[in-house]
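Worksheet: the structure to be examined is printed underneath.
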Amino acid sequence: MNKLRHVVTASLRWSWFVLLVLLAFGYLVAGLSGNRPPKNASSTDAEAIGSPVVDTDPMSAVSRIQESLRPSVQKIDAERQQRLASLGLDHAGPADWLTICRRLSLALVGNGLSLEEIRALEQIEESKRERMHLENLLKDQRFHHYWAERWSRFLVGTDGGQFIVYRRRRFRIWLAEVFASNQRYDRMVRDLLTAEGLWTDKPQVNFLTATFDSNDGNADPVRLAARTSRVFLGLRIDCLQCHNDFLGNVNLGEESDLREGQQQDFHQLAAFFTSAKTNGLQGVRDGEVEYGYKYLNEDEETDVQAGVPFLPELLPEEGKPRARLAAWVTHPENIQAARATVSHVWALMFGRSMGEAVDNLPLDEPCHPMMDLLARDFVAHGFNLRRLIRVIAASEAFRADSRADFEINPEHEHNFAVFPLVRLRPEQVAGAIIQAARIKTTDRESSFFLQLQTMTGTNDFVTQYGDIGEDEFNSDSITITQRLLMMNGELLRDLVESNPLLNASAHVRMFANDTSQIVDLLYLSALNRYPTSVEKKHFVSRIECSDDKEKATEDLVWVLLNSSELAWNH
Amino acid sequence: MSVHDQFNHDPFCDPRVHLSRRTLLGAGGGGLMMSAIAQRLAWADEQGVTDSAKPKSVILLWLQGGPSQLETFDPHPGGMYGGDASAIDTSVKGLQISDLLPQTAEQMHLASLIRSVTSKEGDHERAVYNIKTGYRPDPTLKHPSVGAVLCHADQGGADIPRHISIVPNGFPGRGGYLGAGYDAFKIYDPAQSVPDIRRSVPEPRFEQRIADLYDVVESEFQRGRLRQLESTRTLHRSVTDGALRMMSSQQLGAFDVSSEPRQVREAFGDSAFGRGALAASRLIEVGARCVEVSLGGWDSHITNHALQSSACEKLDPALSALLKRLEERELLDSTLVVCGGEFGRTPAINPAEGRDHWPHGFSVLLAGCGIRRAGLYGETAGKPTLDSDKPMADIVDPVTVGDLHATILTALGVDFEEELETPIGRPMKRSEGKPIKAILSS
C-alpha cells in the first residue's frame, strides 16, 4: 500500500515536470504552425486586417490621413512633372502595389514583406493596400528600432567610443522611443544639442559622450561641430577646421551675399559645445563657452566666440549657449536645417540621396525644387516625421516604376523619372533572405527559435558580407566574398534546405495545392512578386520533371535568394 | 620543392632544380585553365626572358594590440624602463634586438628597422586605421588600406582575390573610397579550408542552379529596366563569374599549407599565425598582391613581459621562417614584408606590471623589395625624459605614419604623391609624408 502511494506520488511529481518541459517546448516552437491569425506589433488596426471580417474603421482613418496629405502631395508631384518636362525626359507610370509595399518595407524595417503580410494585404481593396501597409509599418516596433539604428549612425557613428561613458545601445533605445511616439523632430534635435546629465540616465547625452575618446573625457567640440553641420545643417564644413575655403566649395554667410567659408565659421560653431562640461558623477553640465584656437597663419590663439555660419539673425541673443544653438537649428525659418532633415528621410526611403550627397546641400547651389517644398511643408506641419514619410510615400516619385517602355538611362534615375535601382545594405540583405525563407513575419513577437536564427544568422552574415558602417549610401560594388557567401555559405544552406520546423521550402511544399502554387508562393516569399508566365512555366516543369521534387524546390529557393533582384531595391 | 608539385607531373622536370615560373604555375598539364597572369609569366619564362618588372607584392605581418618595442625590436635593458627583456646580438653588426626574438635576430641582415615611428592616435581602432591607411580617420571618407592601394595601382590579375587577410582581427584591410571590390578577402586559420569555397551540392545540380539563375531570373530582372544594368550597375554576373572562377581555380591550392613538408610547417610554428605566414608566401607566388596576417595578444596593460613573450613565441618562428623562405626562393626582391602594430607601449611600467599605449616612438620592420638590407633608422632614448609636453624630445629622427606609407609605396614602385579621385570630389594623395631615403635601396 505504502509502495503504491509512493509510486503514485512520484509519478505525479514527475508528470508535473514532464508537463512543464512540454509547455516550455511548446512555447519555444510556438508561432511556427502558421495557423494562428497573423499579428503585427501591437496595432489593433493590423489585427483587424488579419480577420476575415472587414472592419471599416481603420480604412477610413487611413483615408482621412491620405486626404489631409493630398494638397502637399499634389504640389510635389507638380514640381516633379515640371522639372521632367523642362528636361525633356519621359517618365514611368506607377509601379504595382506589391512593388511599392516592398519599397516601404525595405525603407522602414529593413527587409521585404513576409508571405503572411502579403496575404493579409490581399484581403483588402487593392487601391488601399499601399496606404494600409504604410500605416501598419509606422506603428510597427521593427520600424522604430530600425530607424533608431540608422539615425544612430548619422548622429553618433559606429565607432566603439570610450568604454563606460558611452552607451550606444541606450542611445538607440531612446531614439526608438522617439520614433515610436512620433515625437516632434525639432524637440529631438533640441534634446540632443542641449543634453545634460549622466549618459546612463539621460541617453541623449551619448550624443556628446560619443566624442569623449578624442578629447580626454570631454565633449570634443570639433567632432560635434562637424557632425552637427552634416546631420542637422546639411553642410560639410569639415575642411574649414584647418583652413579657409580656397576651393570655392563652402559658401556661407548672408543668404543674399554668400561669401567664402572661413575657419572662424567652423570654430565658432564648435565653440557652442565647449559649454558642455563634464562634471564627474553629475555627467555633462552646462557652463560657459571657453574656446581658444590658433588659426592658420596666426601667431597667437584667439578667444573664439560662439557663432553660427549663416542666418545669424535667427540666433537668439539670450540663453544658455547650447540652448541658443538648438533654437537656431530648429527655427522655422532655418530652411537649410529642414532641408537636411528631408534629405536624410528621403535617402532612407529611396536608399539614395536626392542630390549628390545626403549631408551636403551647398547654400549657393539650388537644390531640387521638391526638396524645398518638402522642407517647408515639414516645418509648416510641426516637424512631423511620420507626415513627411507619408507625403514622400504618396508622391509619384516614390511610386514610379523602375521599368518603362522607353530606354532608361542614369539621367532618368537622377531626376526620379523612374524609381532608382539601389543595392540593399548588408543587414537588409540578411533580413531579406531570412524573411524570404519564412512564412511568418520575423519580429519581436516571433518565436524564440526564429529570433535566435535571425540574431545570430544576421550578425555573422553581416560581418562576413561586409558591414559598411557609416558609409551610408555609398556602397556600389559587390565582392567575390559576398557572392561566395551567398552561393555556398552556411546561412543560405540552412535557409534553403527543407527543414520542416523553420523553412518556407518545406512549408510551401506541405501546404500548397500544386506545383504552380509552390512556385507562386516561393516567388512571393523571396521576391515579393508573382512569377511571370515564362518563369512559372520554366520552374513548374523543372520541378515536375525532376526525380526529386524536394531538391528541385530547394534549387528554386537557392536561385531566388541568389538573384540580383533580391539584393536590389527596385 | 615547388608549391605546385601536386599539379606538375612532368617526369623530365626536377622541381628542386628547375624552379621556374612555369613549374610553379602548373603549366605542365592545365594550360587551358591558366589565368592571364599565369600565362604571361609562363610565356616569358619559355622565351627565356626574365621579367625584371615582376609584379611587386606586400606581406603585412600585423601585430594587433600594440607590440611593445622594448620587448621586441628596440630593447633598452636595465634601468627603470627596461623591463625584464634583455638584448641579444643579431646578424647585423652593432644591432641588438630583444631576447624574445632569437630566430628573427639571425635574419635581421635581410631587413631594415625603423625605431622612431610616431603617430597621434592612441585608441586601438583609430590607430589601426591610421597605420593601415596612412591617414587619420576622417568622417568625410574612408581611406583605402595599403594593400588596396597597391591592387588599385597595378591591376595584374589572378583567379583568386589579390588582396587577402588571414586571421583578420576585427579591422581587415578595406578598399575605402576605391570601392568594396578592393576589400581584403578574409580567411581564417589556414588549417581550415577557405570559407564558402565549396559548393554544397554536386556539380551538375550546381550548374543547373546557375543556368536557371542567369537565363531565367536575371534576364527577367533586366527586362525594361536601366540600360546596361548588369555591366554598369549590378555587376552581378561578372562578380559571380569571378567567384565561380575562384571556386574552380588551381591557385586555391595555395591556401592549403598542409601540402608543405612537415619541417617547413614546423619552422613557421604551430599556430594560426605561423600557418598564415606560410600561406602568405604561397599566395604571393600565385599572384596575390597583398596578404596581411594578423597576430593578437600584444595589448599588455597587465603582466607585460608574460604577454609579450607569449606573443613573441608565435611571431619569432613565423617572421624568421618567412624571410628565410622568401630569400631562398629569390622572392625577396619582389616582395615587401612589413611587420608592426598600431602603436608601441609605454616605457613606464604601470602598477599591474603592464605597459600602456605609446605612439611616441615605436618600431616597424621592413624587408624586401626596394628596402636596404641591414638598415636602421631612428632611435628612442634609453633613458627617456617622458615630458608629456614634449613627446618628441626622446626620439631621434622621428617619422610619421605618412612617411612610413610613402616609403612603403616607393619601395613597391607606386607613386606616393599621385592624387586619386574620391567619391566626394576631394582629390587625395596616396600618402602624405615623404619616403625615408636612408632605408630605401635606390
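For the C-alpha cells, the naming scheme is as follows: chains receive sequential letters (A, B, ...) according to their order of presentation, residues are indexed from 1 within each chain, and ligands are indexed from 1 in presentation order.
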Would you tabulate, counting only C-alpha atoms, all residues of stretch 331-360 of chain B that have an atom at most 10 Å from an atom of stretch 77-83 of chain B, showing the closest pair of atoms and their distance in Å to one decimal, sorted by chain then ascending number, as CSV?
```
residue,atom,partner,partner_atom,distance
B:Thr346,CA,B:Tyr81,CA,8.6
B:Pro347,CA,B:Tyr81,CA,5.1
B:Ala348,CA,B:Tyr81,CA,5.6
B:Ile349,CA,B:Tyr81,CA,6.8
B:Glu353,CA,B:Gly83,CA,9.0
B:Gly354,CA,B:Gly83,CA,9.6
B:Arg355,CA,B:Gly83,CA,9.7
```
Mind running chain B against chain A at 7 Å and telling me each contacting residue's nearest atom pair with the distance in Å (one decimal), counting only C-alpha atoms, chain and number ascending, as a tab-separated table?
```
residue	atom	partner	partner_atom	distance
B:Gly179	CA	A:Ser477	CA	6.4
B:Ala180	CA	A:Ser477	CA	5.6
B:Gly181	CA	A:Thr479	CA	5.2
B:Phe185	CA	A:Thr481	CA	6.3
B:Asp196	CA	A:Asn488	CA	5.0
B:Ile197	CA	A:Leu484	CA	6.5
B:Arg198	CA	A:Asn488	CA	6.5
B:Arg199	CA	A:Asn488	CA	5.4
B:Ser200	CA	A:Asn488	CA	6.2
B:Arg209	CA	A:Val559	CA	6.2
B:Asp212	CA	A:Val559	CA	7.0
B:Leu213	CA	A:Val559	CA	5.4
B:Val216	CA	A:Glu535	CA	6.4
B:Val217	CA	A:Ser563	CA	6.8
B:Glu218	CA	A:Ser563	CA	6.6
B:Phe221	CA	A:Glu565	CA	6.3
B:Gly224	CA	A:Arg403	CA	4.9
B:Arg225	CA	A:Arg403	CA	4.6
B:Leu226	CA	A:Ile408	CA	4.7
B:Arg227	CA	A:Ile408	CA	5.7
B:His236	CA	A:Ser564	CA	6.4
B:Val239	CA	A:Ile480	CA	6.0
B:Thr240	CA	A:Arg483	CA	6.0
B:Gly242	CA	A:Ile480	CA	6.5
B:Ala243	CA	A:Ile480	CA	5.2
```
Checklist entry - What lies within 9 Å of B:Val414 using only C-alpha atoms, ignoring chain neighbours under 2 positions off, as a ChimeraX atom specification? => result /B:149-150,153-154,408-412,416-418
Checklist entry - So which bits of stretch 35-172 of chain B end up alpha helix (DSSP H) when you DSSP the backbone, as a VMD selection string? => result chain B and resid 36 to 46 102 to 105 124 to 133 146 to 153
Checklist entry - Residues at most 12 Å from B:Phe268, counting only C-alpha atoms, excluding those fewer than 6 positions away in the same chain, as a list of chain:residue names? => result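 Answer for this query is B:Gln103, B:Thr104, B:Val257, B:Glu260, B:Pro261, B:Arg262, B:Gly274, B:Arg275, B:Gly276, B:Ala277, B:Leu278, B:Ala279, B:Ala280, B:Ser281, B:Glu313, B:Lys314, B:Leu315, B:Asp316, B:Pro317, B:Ala318, B:Leu319, B:Ser320, B:Ala321, B:Leu322, B:Leu323, B:Lys324, B:Arg325.
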Writing out the chosen residues with C-alpha atoms as a CSV table (one decimal), in the first residue's frame:
```csv
chain,number,residue,atom,x,y,z
B,103,GLN,CA,65.4,33.4,-34.6
B,104,THR,CA,64.5,36.7,-36.1
B,257,VAL,CA,49.5,24.6,-46.3
B,260,GLU,CA,54.1,21.6,-47.4
B,261,PRO,CA,56.6,19.2,-45.9
B,262,ARG,CA,56.4,18.9,-42.1
B,274,GLY,CA,52.6,30.7,-38.5
B,275,ARG,CA,50.3,28.9,-40.9
B,276,GLY,CA,49.1,32.2,-42.2
B,277,ALA,CA,52.6,33.4,-42.8
B,278,LEU,CA,53.4,30.3,-44.8
B,279,ALA,CA,50.2,30.6,-46.7
B,280,ALA,CA,51.0,34.2,-47.4
B,281,SER,CA,54.3,33.2,-49.1
B,313,GLU,CA,56.8,32.8,-29.3
B,314,LYS,CA,54.4,32.9,-32.2
B,315,LEU,CA,55.9,35.8,-34.1
B,316,ASP,CA,59.6,34.7,-33.9
B,317,PRO,CA,59.5,31.5,-35.9
B,318,ALA,CA,56.9,32.8,-38.4
B,319,LEU,CA,58.8,36.0,-39.2
B,320,SER,CA,62.2,34.4,-39.4
B,321,ALA,CA,61.0,31.5,-41.5
B,322,LEU,CA,59.1,33.8,-43.8
B,323,LEU,CA,62.2,36.0,-44.5
B,324,LYS,CA,64.4,32.9,-45.0
B,325,ARG,CA,61.9,31.3,-47.4
```
Item to check | Residue contacts of A:Arg172 (9 Å, only C-alpha atoms) excluding same-chain residues fewer than 2 positions away, as a ChimeraX atom specification | outcome: /A:145,148-149,151-152,167-170,174-177,203
I need the residues from that last selection saved to file as a PDB file, in the first residue's frame (with N, CA and C atoms), if you can.
```
ATOM      1  N   HIS A 145      12.825  50.467 -34.209  1.00  0.00           N
ATOM      2  CA  HIS A 145      14.182  50.025 -33.913  1.00  0.00           C
ATOM      3  C   HIS A 145      15.102  50.179 -35.116  1.00  0.00           C
ATOM      4  N   ALA A 148      15.888  53.783 -35.528  1.00  0.00           N
ATOM      5  CA  ALA A 148      16.736  54.191 -34.412  1.00  0.00           C
ATOM      6  C   ALA A 148      18.184  53.842 -34.733  1.00  0.00           C
ATOM      7  N   GLU A 149      18.406  52.651 -35.286  1.00  0.00           N
ATOM      8  CA  GLU A 149      19.775  52.259 -35.631  1.00  0.00           C
ATOM      9  C   GLU A 149      20.318  53.144 -36.754  1.00  0.00           C
ATOM     10  N   TRP A 151      19.445  56.199 -37.672  1.00  0.00           N
ATOM     11  CA  TRP A 151      19.693  57.557 -37.196  1.00  0.00           C
ATOM     12  C   TRP A 151      20.842  57.604 -36.216  1.00  0.00           C
ATOM     13  N   SER A 152      21.024  56.516 -35.447  1.00  0.00           N
ATOM     14  CA  SER A 152      22.189  56.485 -34.551  1.00  0.00           C
ATOM     15  C   SER A 152      23.463  56.604 -35.366  1.00  0.00           C
ATOM     16  N   ARG A 167      27.186  54.902 -24.100  1.00  0.00           N
ATOM     17  CA  ARG A 167      26.265  53.772 -24.137  1.00  0.00           C
ATOM     18  C   ARG A 167      25.442  53.837 -25.411  1.00  0.00           C
ATOM     19  N   ARG A 168      25.986  53.288 -26.485  1.00  0.00           N
ATOM     20  CA  ARG A 168      25.307  53.411 -27.765  1.00  0.00           C
ATOM     21  C   ARG A 168      23.951  52.722 -27.758  1.00  0.00           C
ATOM     22  N   ARG A 169      23.881  51.593 -27.073  1.00  0.00           N
ATOM     23  CA  ARG A 169      22.636  50.839 -27.074  1.00  0.00           C
ATOM     24  C   ARG A 169      21.536  51.622 -26.398  1.00  0.00           C
ATOM     25  N   ARG A 170      21.864  52.276 -25.289  1.00  0.00           N
ATOM     26  CA  ARG A 170      20.862  53.084 -24.583  1.00  0.00           C
ATOM     27  C   ARG A 170      20.392  54.205 -25.479  1.00  0.00           C
ATOM     28  N   TRP A 174      16.614  54.942 -26.806  1.00  0.00           N
ATOM     29  CA  TRP A 174      15.944  56.231 -26.626  1.00  0.00           C
ATOM     30  C   TRP A 174      15.396  56.724 -27.957  1.00  0.00           C
ATOM     31  N   LEU A 175      16.209  56.586 -29.009  1.00  0.00           N
ATOM     32  CA  LEU A 175      15.755  57.025 -30.329  1.00  0.00           C
ATOM     33  C   LEU A 175      14.545  56.221 -30.787  1.00  0.00           C
ATOM     34  N   ALA A 176      14.539  54.931 -30.495  1.00  0.00           N
ATOM     35  CA  ALA A 176      13.400  54.093 -30.873  1.00  0.00           C
ATOM     36  C   ALA A 176      12.129  54.615 -30.213  1.00  0.00           C
ATOM     37  N   GLU A 177      12.265  55.044 -28.963  1.00  0.00           N
ATOM     38  CA  GLU A 177      11.104  55.602 -28.281  1.00  0.00           C
ATOM     39  C   GLU A 177      10.655  56.901 -28.931  1.00  0.00           C
ATOM     40  N   PRO A 203      19.829  59.213 -21.932  1.00  0.00           N
ATOM     41  CA  PRO A 203      20.504  58.602 -23.077  1.00  0.00           C
ATOM     42  C   PRO A 203      20.942  59.599 -24.143  1.00  0.00           C
TER      43      PRO A 203
END
```
Checklist entry - Leaving out A:Gln66 and any residue of its chain fewer than 3 positions from it, which residues lie within 12 Å of it when counting only C-alpha atoms, given as a ChimeraX atom specification? => result /A:59-63,69-74,128,130-132,134-135,387,390-395
Item to check | Contacts of B:Gly433 at 9 Å (only C-alpha atoms; same-chain gap of 2+ positions) as an NGL selection string | outcome: :B and (399-407 or 416-417 or 431 or 435)
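Here atom CA of A:Arg129 and atom CA of A:Leu113 stand 12.9 Å from one another.
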Checklist entry - Nearest to A:Arg324 among A:Gln183, A:Gln428, A:Ser533, A:Ser275, with distances taken over only C-alpha atoms: which residue is it? => result A:Ser275
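For stretch 224-378 of chain B, a DSSP pass over the backbone yields strand (DSSP E) at Cys290, Val291, Glu292, Val293, Ser294, Leu295, Thr335, Leu336, Val337, Val338, Cys339, Gly340, Gly341, Gly344, Arg345, His357, Trp358, His360, Gly361, Phe362, Ser363, Val364, Leu365, Leu366, Ala367, Gly368, Gly375, Leu376 and Tyr377 of chain B.
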Checklist outcome for this item: In terms of only C-alpha atoms, the residue from B:Ala111, B:Leu70, B:Leu178, B:Cys339 at minimal distance from B:Leu420 is B:Leu178
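The space separating atom CA of A:Val508 from atom CA of A:Asp494 comes to 16.0 Å.
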Next on the checklist: Rounded to one decimal, what separation in Å do you get between atom CA of A:Gln81 and atom CA of A:Ala347?
Outcome noted: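 Straight-line distance from atom CA of A:Gln81 to atom CA of A:Ala347 works out to 20.5 Å.
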